[in-house]
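**Student:** What follows is a structure written as structure tokens; I'll ask about it next.
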Amino acid sequence: MAVHNRDIAAAFEEMADLLDIQGANPFRIRAYRNAARAIDELSIDLASLLAKGEELPRIPGIGADLAGKIRELCAKGRLKALASLRRQVPPGLSDLLKLPALGPKRVQTLYRKLGIHTSAQLRRAIHDGRLRSVAGFGPAIEAQLSAALAAAKERPERLKLAVAAQYAEPLRAYLAAVPGVVAVEVAGSYRRARETVGDIDIVVAARSGSPVIERFAGYEEVAQVMAQGPTRASVALRSGLQVDLRSVEPDSFGAALVYFTGSKAHNIALRRIAQGRGLKINEYGVFEGVRRIAGKTEADVYRTIGLPCIPPELREDWGEIEAARANKLPDLIEQSALKGDLHLHTRATDGHDTIAAMAEAARAAGLSYVAVTEHSKHLAMAHGLDPKRLMAQADEIDRINTTLSGMTILKGIEVDILEDGSLDLPDDVLGRLDLVVAAVHSGFHLSREKQTARILKAMERPHFSILAHPSGRLISEREPYDVDMARIIHAARERGCFLELNAHPARLDLLDIHCRKAKEEGVLVAISSDAHSVGEFANLKFGVLQARRGWLAKEDVLNARPLAELRRLLKKTM
DNA sequence: GCCGTTTTCGGCCCGACTGTTTTCAGTCG
């Protein structure tokens, strides 16, 4: 059984939980949690690195001991220290930590006083009234646990960013209209544009006396107020989505934004730097002793610790702080820099609108070129095009182009990469197009070896411009197929072709880490809407956000190039 | 367990809210 970074992170996380329950040194526990997070966010696969006989890279937070544990886990598939801890702590206890109001102390108390180590036992103890007999467990905690146990099966999944926006944006507008509110920002992972969001964090700047907390708690979609104080409140919406609001004075808004945008790892790194300069950062500002020296804007906060303002999408402690220090932060791509869209469908296959309507909608979205890229015949479900229909469409595009001004339609295809690595249409047909977008739509189950070989073989075909949705994943619906993305990216550089970042909110594939890798290798990324109707050019926004998370600048994006230059680049692939 | 322009020892990010208890521990983000 291969060990992946995920497994190493999970092992360290479990170590931390078990040590926590044992009441171990909190800093030792934190070291395990920090290491788990660092490994989880790593873009290189540690086990395969070690398998190749290479040394572990230097990872912040991982010293000699944890490096040794990583090697042990990769070599043997298990960890002595973890096995030993598991023998000391009753099974199930660490699962109880996931319940609200239950931390290591209370879990320990429950076990000591009532012998509880599973949620079933906890449920019975509540039912029998035994829980209340334990000092420190009153009716409120009992009710909270009872509700959590009942809801355990219907816990809401993380929401896709685009879905979260449907809740967050109306709430933002609602809060902005509350008297005394000067500014509202949705912070947290939403602002960092993570592809999924677990809850919504909102920061408001409000003058003292503003009823913003009360209005928030009274928002019509609020189903339950879980906590409410003078400066913060937590609610659950009817959908189950948790929303946290934090209100600060306008002079503290920047500091609060930094604090609540996170990521946690980024914030910790910032505070360490501040500490080194004899400063303290909290959600109210940057302090020198008791004197506040910054806090009104985010830029102020960063400036006091000698850094330029770091865009939210980069705040993951993935090297952005080092880059900021060296003044080498990327100038991230903006949506307005996109000049065209290289992947869309029309009525000819599974789209809903005509070529002309799509072109018009693209122009309205501020673009000056689009490529029509229908499915090919193998995708019969989508009524994919055969050579005859494709050529007829090409003629139609030529005709429409003569009627357009300020918009050019390119002739393309989204051709299936078949299981043997061949393309679904013959070379002479593909050669008559402006570009060939190719994608895997079947055979998701192939082994990593075979899947990678299949795609690499397709990329070697004489007409291959862009690999569409390179991993095939659908967020929280379908896992990516197993493919060696590092090799694909490297091959794309050798071949001189491009990779797509599909902007559909369910796809967002390339992943951010792969965007970054592509950039490092000098492979241009196409941010494509994959629009199936005129309204879907709006999805480009999410593609751009993902690209920003992947450190992409305008220069790194294929469809940020003007048409003439784009044609030259595409020609080389054809 | 990690880490080092103050350190190889002695620090380690910081504050709000809740519940239960009478002044604060525990949890959470």
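Residues are referred to by chain and number: the chain letter is A, B, ... according to the order shown in the structure tokens, the number counts from 1 in that chain, and ligands are numbered separately from 1 in the order shown.
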For chain B, list the residues within 6 Å of chain A, counting only C-alpha atoms (C1' of nucleotides), and write the list as an MDAnalysis selection string.
**Tutor:** chainID B and resid 1:2 13 27
**Student:** Pick out the residues sitting within 9 Å of A:Ala486, and hand them over as a list in words; count only C-alpha atoms (C1' of nucleotides), and ignore anything fewer than 3 positions along from it in its own chain.
**Tutor:** Val483, Ile489, His490, Ala491, His514, Lys517 and Ala518 of chain A
**Student:** Now that the selection is made, can you save its residues with N, CA and C atoms as a PDB file, in the first residue's frame?
**Tutor:**
ATOM      1  N   VAL A 483      -2.858  10.345 -12.210  1.00  0.00           N
ATOM      2  CA  VAL A 483      -1.955  10.699 -13.292  1.00  0.00           C
ATOM      3  C   VAL A 483      -0.758  11.454 -12.718  1.00  0.00           C
ATOM      4  N   ILE A 489       3.250  17.956 -17.109  1.00  0.00           N
ATOM      5  CA  ILE A 489       3.662  19.357 -17.236  1.00  0.00           C
ATOM      6  C   ILE A 489       5.019  19.437 -17.941  1.00  0.00           C
ATOM      7  N   HIS A 490       5.897  18.545 -17.540  1.00  0.00           N
ATOM      8  CA  HIS A 490       7.216  18.548 -18.168  1.00  0.00           C
ATOM      9  C   HIS A 490       7.104  18.243 -19.662  1.00  0.00           C
ATOM     10  N   ALA A 491       6.260  17.259 -19.990  1.00  0.00           N
ATOM     11  CA  ALA A 491       6.071  16.887 -21.397  1.00  0.00           C
ATOM     12  C   ALA A 491       5.450  18.038 -22.189  1.00  0.00           C
ATOM     13  N   HIS A 514      -0.511  22.761  -9.336  1.00  0.00           N
ATOM     14  CA  HIS A 514      -0.048  22.404 -10.682  1.00  0.00           C
ATOM     15  C   HIS A 514       0.097  23.644 -11.570  1.00  0.00           C
ATOM     16  N   LYS A 517       3.432  24.827 -10.755  1.00  0.00           N
ATOM     17  CA  LYS A 517       4.457  23.990 -11.366  1.00  0.00           C
ATOM     18  C   LYS A 517       4.585  24.335 -12.860  1.00  0.00           C
ATOM     19  N   ALA A 518       3.433  24.513 -13.508  1.00  0.00           N
ATOM     20  CA  ALA A 518       3.443  24.863 -14.928  1.00  0.00           C
ATOM     21  C   ALA A 518       4.193  26.176 -15.130  1.00  0.00           C
TER      22      ALA A 518
END
**Student:** Neighbouring residues of A:Asp341 were defined as those with any atom within 7 Å, considering only C-alpha atoms (C1' of nucleotides); residues of the same chain fewer than 3 positions away were excluded. Please report them as a PDB file with N, CA and C atoms, in the first residue's frame.
**Tutor:**
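Below is the file result20.pdb, written as the result:
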ATOM      1  N   TYR A 369     -11.811  37.191 -28.672  1.00  0.00           N
ATOM      2  CA  TYR A 369     -11.826  35.970 -29.480  1.00  0.00           C
ATOM      3  C   TYR A 369     -12.341  34.794 -28.655  1.00  0.00           C
ATOM      4  N   VAL A 370     -12.910  33.817 -29.364  1.00  0.00           N
ATOM      5  CA  VAL A 370     -13.324  32.565 -28.723  1.00  0.00           C
ATOM      6  C   VAL A 370     -12.979  31.419 -29.669  1.00  0.00           C
ATOM      7  N   ALA A 371     -12.820  30.249 -29.102  1.00  0.00           N
ATOM      8  CA  ALA A 371     -12.679  29.055 -29.931  1.00  0.00           C
ATOM      9  C   ALA A 371     -13.882  28.155 -29.671  1.00  0.00           C
ATOM     10  N   SER A 528     -10.078  28.616 -19.244  1.00  0.00           N
ATOM     11  CA  SER A 528     -11.182  28.408 -20.184  1.00  0.00           C
ATOM     12  C   SER A 528     -12.505  28.207 -19.466  1.00  0.00           C
ATOM     13  N   SER A 529     -13.561  28.782 -20.036  1.00  0.00           N
ATOM     14  CA  SER A 529     -14.861  28.707 -19.361  1.00  0.00           C
ATOM     15  C   SER A 529     -15.533  27.350 -19.539  1.00  0.00           C
ATOM     16  N   ASN A 559      -4.526  32.696 -22.907  1.00  0.00           N
ATOM     17  CA  ASN A 559      -5.591  33.521 -23.473  1.00  0.00           C
ATOM     18  C   ASN A 559      -5.586  34.949 -22.939  1.00  0.00           C
TER      19      ASN A 559
END
**Student:** Between atom CA of A:Leu511 and atom CA of A:Tyr481, what distance in Å does the model show, to one decimal?
**Tutor:**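 We find that atom CA of A:Leu511 and atom CA of A:Tyr481 lie 13.0 Å from each other.
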**Student:** Can you tell me how far atom CA of A:Leu257 sits from atom CA of A:Gly218, in Å to one decimal?
**Tutor:** 23.4 Å
**Student:** Could you pull out the strand (DSSP E or B) residues of stretch 49-273 of chain A, going by DSSP on the backbone, and write them as JSON, numbers by chain?
**Tutor:** {"A": [159, 160, 181, 182, 183, 184, 185, 186, 196, 197, 200, 201, 202, 203, 204, 205, 206, 222, 223, 224, 225, 226, 227, 228, 232, 233, 234, 235, 236, 237, 242, 243, 244, 245, 246, 247, 248]}
**Student:** Save the residues we just selected, C-alpha atoms, as an mmCIF file, in the first residue's frame?
**Tutor:**
data_model
loop_
_atom_site.group_PDB
_atom_site.id
_atom_site.type_symbol
_atom_site.label_atom_id
_atom_site.label_comp_id
_atom_site.auth_asym_id
_atom_site.auth_seq_id
_atom_site.Cartn_x
_atom_site.Cartn_y
_atom_site.Cartn_z
ATOM 1 C CA LEU A 159 -19.289 24.030 -0.347
ATOM 2 C CA LYS A 160 -17.826 24.819 -3.721
ATOM 3 C CA VAL A 181 -21.137 49.818 9.182
ATOM 4 C CA VAL A 182 -18.250 51.356 7.269
ATOM 5 C CA ALA A 183 -16.879 48.304 5.472
ATOM 6 C CA VAL A 184 -17.701 44.619 5.024
ATOM 7 C CA GLU A 185 -15.438 41.908 3.723
ATOM 8 C CA VAL A 186 -15.937 38.184 3.448
ATOM 9 C CA THR A 196 -14.201 24.727 -1.381
ATOM 10 C CA VAL A 197 -15.273 26.586 1.719
ATOM 11 C CA ILE A 200 -18.045 31.813 5.969
ATOM 12 C CA ASP A 201 -16.052 34.386 7.946
ATOM 13 C CA ILE A 202 -17.151 37.992 7.707
ATOM 14 C CA VAL A 203 -15.328 41.030 9.070
ATOM 15 C CA VAL A 204 -17.075 44.371 9.403
ATOM 16 C CA ALA A 205 -15.735 47.755 10.351
ATOM 17 C CA ALA A 206 -18.442 49.415 12.406
ATOM 18 C CA VAL A 222 -30.318 32.377 10.238
ATOM 19 C CA ALA A 223 -31.630 29.147 11.704
ATOM 20 C CA GLN A 224 -29.651 29.162 14.918
ATOM 21 C CA VAL A 225 -27.462 31.608 16.829
ATOM 22 C CA MET A 226 -24.660 29.535 18.284
ATOM 23 C CA ALA A 227 -22.729 32.314 19.986
ATOM 24 C CA GLN A 228 -23.237 36.031 20.343
ATOM 25 C CA ARG A 232 -18.578 38.567 17.395
ATOM 26 C CA ALA A 233 -21.282 36.065 16.663
ATOM 27 C CA SER A 234 -21.630 32.647 15.073
ATOM 28 C CA VAL A 235 -24.760 31.430 13.372
ATOM 29 C CA ALA A 236 -25.934 28.495 11.320
ATOM 30 C CA LEU A 237 -27.976 29.332 8.243
ATOM 31 C CA GLN A 242 -21.933 28.228 9.532
ATOM 32 C CA VAL A 243 -21.213 31.942 9.373
ATOM 33 C CA ASP A 244 -18.950 33.806 11.794
ATOM 34 C CA LEU A 245 -19.068 37.577 12.053
ATOM 35 C CA ARG A 246 -16.455 39.763 13.661
ATOM 36 C CA SER A 247 -16.981 43.479 14.167
ATOM 37 C CA VAL A 248 -14.127 45.901 14.820
#
**Student:** I need the residues of stretch 173-312 of chain A that end up classed as helix (DSSP H, G or I) by DSSP on the backbone, written out as a PyMOL selection string.
**Tutor:** chain A and resi 173-176+188-191+212-217+250-261+264-276+298-304+312
**Student:** Which of these residues is nearest to A:Ile488, using only C-alpha atoms: A:His378, A:His504, A:Arg454, A:Arg461?
**Tutor:**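 Distance minimum relative to A:Ile488 lands on A:Arg454.
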**Student:** Would you list the contacts of A:Leu467 as a PyMOL selection string, taking every protein, DNA or RNA residue within 9 Å and counting only C-alpha atoms (C1' of nucleotides), but skipping same-chain residues closer than 5 positions in sequence?
**Tutor:** chain A and resi 436-440+455+459+492+497-500
**Student:** Could those residues be written to a file, using C-alpha atoms, as a PDB file, in the first residue's frame?
**Tutor:**
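Written output follows (out_9.pdb):
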ATOM      1  CA  VAL A 436      -7.064  21.151 -30.914  1.00  0.00           C
ATOM      2  CA  VAL A 437      -8.201  20.891 -27.315  1.00  0.00           C
ATOM      3  CA  ALA A 438      -7.964  17.286 -26.129  1.00  0.00           C
ATOM      4  CA  ALA A 439      -9.434  15.637 -23.080  1.00  0.00           C
ATOM      5  CA  VAL A 440     -10.027  12.366 -21.279  1.00  0.00           C
ATOM      6  CA  ILE A 455      -2.033  11.259 -22.090  1.00  0.00           C
ATOM      7  CA  MET A 459       0.294  14.885 -26.534  1.00  0.00           C
ATOM      8  CA  ALA A 492       3.947  19.924 -22.236  1.00  0.00           C
ATOM      9  CA  CYS A 497       1.674  22.681 -25.954  1.00  0.00           C
ATOM     10  CA  PHE A 498      -0.543  24.102 -23.223  1.00  0.00           C
ATOM     11  CA  LEU A 499      -2.605  23.079 -20.210  1.00  0.00           C
ATOM     12  CA  GLU A 500      -6.132  24.172 -19.465  1.00  0.00           C
TER      13      GLU A 500
END
**Student:** What is the distance between atom CA of A:Gly198 and atom CA of A:Ala162, in Å to one decimal?
**Tutor:**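 Distance reported for this atom pair: 12.6 Å.
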**Student:** What lies within 9 Å of stretch 303-310 of chain A using only C-alpha atoms (C1' of nucleotides), ignoring chain neighbours under 5 positions off, as a ChimeraX atom specification?
**Tutor:** /A:270,273-274,277,279,286,293-294,298,315,320-321,324-325,327,329
**Student:** With only C-alpha atoms (C1' of nucleotides) as the atoms that count, which of A:Tyr259, A:Ser422, A:Ala16, A:Ala356 lies nearest to B:DC14?
**Tutor:**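 Among the listed residues, the smallest separation from B:DC14 belongs to A:Tyr259.
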**Student:** I'd like the neighbourhood of A:Val3 as a ChimeraX atom specification, where a residue qualifies if any of its atoms comes within 9 Å (using only C-alpha atoms (C1' of nucleotides)), though same-chain residues fewer than 2 positions away should be ignored.
**Tutor:** /A:1,5-8,46-48,73-75,77
**Student:** Could those selected residues go to a file with C-alpha atoms, as a PDB file, in the first residue's frame?
**Tutor:**
ATOM      1  CA  MET A   1       0.000   0.000   0.000  1.00  0.00           C
ATOM      2  CA  ASN A   5       1.446  12.808   1.879  1.00  0.00           C
ATOM      3  CA  ARG A   6      -2.178  12.603   2.999  1.00  0.00           C
ATOM      4  CA  ASP A   7      -1.394   9.457   5.014  1.00  0.00           C
ATOM      5  CA  ILE A   8       1.627  11.031   6.671  1.00  0.00           C
ATOM      6  CA  LEU A  46       7.422  12.565  -0.196  1.00  0.00           C
ATOM      7  CA  ALA A  47       7.166   8.779  -0.484  1.00  0.00           C
ATOM      8  CA  SER A  48       8.085   8.705  -4.154  1.00  0.00           C
ATOM      9  CA  LEU A  73       6.218   5.650   7.656  1.00  0.00           C
ATOM     10  CA  CYS A  74       7.214   5.633   3.991  1.00  0.00           C
ATOM     11  CA  ALA A  75       9.496   2.621   4.362  1.00  0.00           C
ATOM     12  CA  GLY A  77       3.853   1.847   6.112  1.00  0.00           C
TER      13      GLY A  77
END
